[in-house]
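A.B. asks: Here you go, one structure.
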Amino acid sequence: MARDSAVPTENFEEILAWLNPDREVAATMYVQLRHDLAKTFTFRGCSDPEGLTDEVFDRVGKKVLEVRPTYVGDPRLYFRAVANNLIKEDLKRAKTQVSLEEPELREPTTTESDEDNAEDMEECLRSCLQKLSAENRKLIVNYYAKEKQAKIDHRSELAQQLEISVETLRVKVYRIRVSLQGCIERCLENKAQRK
Amino acid sequence: MKEDSVTDALLREFLLGKLTDEDRERIEGLFLTDSQTRERVLALEQDLFDDYLEDGLSQGDKERFVSRYARTDEQRRKLRITGAIKDWAVREARASHQAAPTVSVWRRIWLWLRFNPRFFIPIAVTTVVAAVFAIVWLNGRIEQRKHFAIEQELAQLNSPVSLREAPPDTISVDLRPVAVRGAEKQTEINIPTESHFVELHLPWIQSERYSTYQAEVRRLRDRKSFKIPNLQAQNNGRYTIRLRLPAQLLTTGNYQINLTGVAANGTLSFSEEYSFVVTR
């Protein structure tokens with residue numbers, strides 16, 4: 001998505017102050033909000049989640065001095081409202097543009113470059129797994145011990161053994177996977193840069 | 001739609017873009033403002049990735065999935081990483097299943113007893129059961145007393161009077177709530193051998209304030225937890241709760257802290273979660 005200007009520093013500071021009076025907490029909330037808005041665009045099937053997120057911050061940045069004094073409620077919901085408008089615009093644009101630019105959506109297949117990366121992926125996976133605690137490694141393995149229909153009963157048994165709910169188990173595994181995925185992504189990027 | 005009616009099934013439909021506008025907007029709002037819903041959605045998204053990789057989605061859901069989560073190169077890369085982790089875990093699970101002994105310990109004991117004189121069986125069983133009960137009971141009592149003593153020590157250490165003193169052998173660490181930290185790396189605390197105390201600064205980012213707070217420190221390795229009540233916040237520009245812990249209590253591993261606001265009438269209210277890793 002094309003954007004016309006960057007947010008002036010003063011307005012950026014105003015956004016941070018709006019999110020939280022503590023600048024350090026506000027900065028963390030800012031990063032979190034960017035991630036969550038990009039996710040929201042993904043959930044809605046938008047074509048350029050990152051670009052749209054930038055656009056949300058640009059638009060809010062231009063209006064923040066005017067909106068903040070009178071806005072009541074969680075500021076993140078204001079960002080969501082702006083995101084919603086952008087989604088409508090994005091959908092309208094997608095309808096008017098005949099799909100000449102974008103190829104038809106297809107299922108991902110293994111390409112030659114994926115095969116080239118398979119070795120790097122394996123190396124990165126091994127190195128990142130070593131950084132996990134033995135307990136977390138065991139939990140991941142247990143979580144995946146069964147597939148398809150059998151996994152539902154298996155995960156509920158596992159949750160019972162750990163004396164937690166299935167929901168908590170899922171979130172626990174999610175947290176481990178996020179750290180593992182982050183580590184693998186960084187490792188792959190380092191390898192790509194070295195090539 | 002009430003908050004408690006946000007079921008896993010509904011969140012899954014949300015992820016696949018199958019909800020009505022009203023439900024979708026409600027969940028989007030919660031996703032941005034409620035850390036628990038946010039984590040539930042993201043964890044279910046991971047499960048959806050798994051289902052796709054296992055070819056466990058219907059044709060319609062598969063198309064919806066691809067149009068959302070396998071559209072860009074970056075998304076496809078993430079999908080490949082998820083697939084690699086899953087494949088590894090499945091391989092490991094199969095390998096450990098195959099390596100497991102085919103005859104269980106109980107079966108071997110039973111086979112052994114079968115070939116021994118009959119009178120031996122009831123005596124052995126009674127002795128073993130009695131010994132096990134005695135050990136479990138004694139261990140339980142000792143553990144209980146130890147736990148109670150530690151909690152008392154922690155309460156003493158964190159009383160307003162004790163916190164006014166600043167022992168020189170204390171290291172201070174600022175933690176951030178899990179809710180705002182997201183996928184960031186956990187805070188790592190390296191405790192030098194000469195340190196006797198670790199003081200954690202826990203920022204309270206919620207707008208509600210309470211007269212006191214209760215912290216529950218949980219060691220994930222052995223799932224032991226200790227509660228420290230009557231903590232008070234300080235507001236020196238940042239609204240923070242200080243929590244002082246003896247360094248010897250913090251053995252190497254992952255920890256989680258749940259900080260809960262306690263209202264004037266004693267009821268527990270909102271809580272924040274913090275986590276950290278101790279290295280030595």
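Following the order of the structure tokens, chains are lettered A, B, ..., residues in each are numbered from 1, and ligands are numbered from 1.
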Output the contact residues of chain B with respect to chain A at a cut-off of 6 Å, based on only C-alpha atoms, as a list in words.

C.D. replies: Leu15, Ala43, Arg68, Ala89, Val90, Ala93 and Val180 of chain B

A.B. asks: Just to be explicit: take each residue in the selection above, keep C-alpha atoms, and write the result as a tab-separated table (two decimals), in the first residue's frame.

C.D. replies:
```tsv
chain	number	residue	atom	x	y	z
B	15	LEU	CA	-9.53	-17.55	12.32
B	43	ALA	CA	-2.43	-20.74	20.18
B	68	ARG	CA	-5.09	-16.08	4.89
B	89	ALA	CA	8.27	-33.74	17.37
B	90	VAL	CA	6.34	-36.54	15.64
B	93	ALA	CA	7.47	-39.24	19.77
B	180	VAL	CA	2.89	-6.77	26.77
```

A.B. asks: Apply DSSP to the structure's backbone, then extract all residues of segment 19-201 of chain B labelled strand (DSSP E) and return them as a PyMOL selection string.

C.D. replies: chain B and resi 170-174+187-190+197-201

A.B. asks: Please compute the atom CA of Glu157 of chain A-atom CA of Asp47 of chain B distance, one decimal, in Å.

C.D. replies: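 Taking atom CA of Glu157 of chain A and atom CA of Asp47 of chain B, their separation equals 17.2 Å.
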
A.B. asks: Between atom CA of Leu86 of chain A and atom CA of Leu57 of chain B, what is the spacing in Å?

C.D. replies: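 Computing it gives 29.7 Å between the two atoms.
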
A.B. asks: Which polymer residues have any atom within 12 Å of an atom of Arg223 of chain B, counting only C-alpha atoms, with same-chain residues fewer than 3 positions away left out, as an mmCIF file with N, CA and C atoms, in the first residue's frame?

C.D. replies:
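Below you can see selection-v5.cif, which holds the result:
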```cif
data_model
loop_
_atom_site.group_PDB
_atom_site.id
_atom_site.type_symbol
_atom_site.label_atom_id
_atom_site.label_comp_id
_atom_site.auth_asym_id
_atom_site.auth_seq_id
_atom_site.Cartn_x
_atom_site.Cartn_y
_atom_site.Cartn_z
ATOM 1 N N GLU A 135 12.526 -30.036 29.805
ATOM 2 C CA GLU A 135 11.095 -30.115 30.138
ATOM 3 C C GLU A 135 10.236 -29.621 28.971
ATOM 4 N N LEU A 162 -0.836 -33.062 33.747
ATOM 5 C CA LEU A 162 -0.141 -31.855 34.200
ATOM 6 C C LEU A 162 -1.000 -31.012 35.135
ATOM 7 N N GLU A 163 -2.239 -31.497 35.348
ATOM 8 C CA GLU A 163 -3.199 -30.799 36.209
ATOM 9 C C GLU A 163 -3.470 -29.377 35.717
ATOM 10 N N ILE A 164 -3.634 -29.248 34.408
ATOM 11 C CA ILE A 164 -4.018 -27.957 33.834
ATOM 12 C C ILE A 164 -5.114 -28.213 32.805
ATOM 13 N N GLU B 216 2.405 -14.830 43.373
ATOM 14 C CA GLU B 216 2.628 -16.276 43.456
ATOM 15 C C GLU B 216 3.808 -16.599 42.544
ATOM 16 N N VAL B 217 4.895 -17.044 43.145
ATOM 17 C CA VAL B 217 6.104 -17.365 42.373
ATOM 18 C C VAL B 217 6.084 -18.860 42.097
ATOM 19 N N ARG B 218 6.134 -19.208 40.809
ATOM 20 C CA ARG B 218 6.052 -20.624 40.462
ATOM 21 C C ARG B 218 7.320 -21.066 39.730
ATOM 22 N N ARG B 219 7.929 -22.141 40.233
ATOM 23 C CA ARG B 219 9.087 -22.706 39.547
ATOM 24 C C ARG B 219 8.545 -23.781 38.624
ATOM 25 N N LEU B 220 8.787 -23.612 37.296
ATOM 26 C CA LEU B 220 8.131 -24.500 36.340
ATOM 27 C C LEU B 220 8.705 -25.917 36.361
ATOM 28 N N PHE B 226 5.093 -20.504 45.608
ATOM 29 C CA PHE B 226 5.065 -19.831 46.914
ATOM 30 C C PHE B 226 4.254 -18.552 46.795
ATOM 31 N N GLY B 253 16.529 -22.311 36.113
ATOM 32 C CA GLY B 253 15.304 -22.777 35.450
ATOM 33 C C GLY B 253 14.335 -21.637 35.163
ATOM 34 N N ASN B 254 13.139 -22.017 34.701
ATOM 35 C CA ASN B 254 12.115 -21.047 34.318
ATOM 36 C C ASN B 254 11.176 -20.771 35.486
ATOM 37 N N TYR B 255 10.786 -19.504 35.607
ATOM 38 C CA TYR B 255 9.874 -19.107 36.678
ATOM 39 C C TYR B 255 8.740 -18.267 36.102
ATOM 40 N N GLN B 256 7.650 -18.295 36.847
ATOM 41 C CA GLN B 256 6.477 -17.522 36.445
ATOM 42 C C GLN B 256 5.962 -16.818 37.704
#
```

A.B. asks: If you measure from atom CA of Ala264 of chain B to atom CA of Arg164 of chain B, what distance in Å do you get, rounded to one decimal?

C.D. replies: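 Atom-to-atom, atom CA of Ala264 of chain B to atom CA of Arg164 of chain B, that is 23.5 Å.
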
A.B. asks: Identify, on the basis of only C-alpha atoms, every residue whose closest approach to Arg12 of chain B does not exceed 8 Å; exclude the query and any residue fewer than 6 positions from it along the same chain; express the result as a list in words.

C.D. replies: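 Non-adjacent residues within range: Val41, Leu44, Glu45 and Leu48 of chain B.
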
A.B. asks: Calculated over only C-alpha atoms, which of the candidates B:Ala233, B:Val178, B:Ile241, B:Leu259 has the smallest distance to Leu200 of chain B?

C.D. replies: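 For Leu200 of chain B, the nearest of the given residues is B:Ile241.
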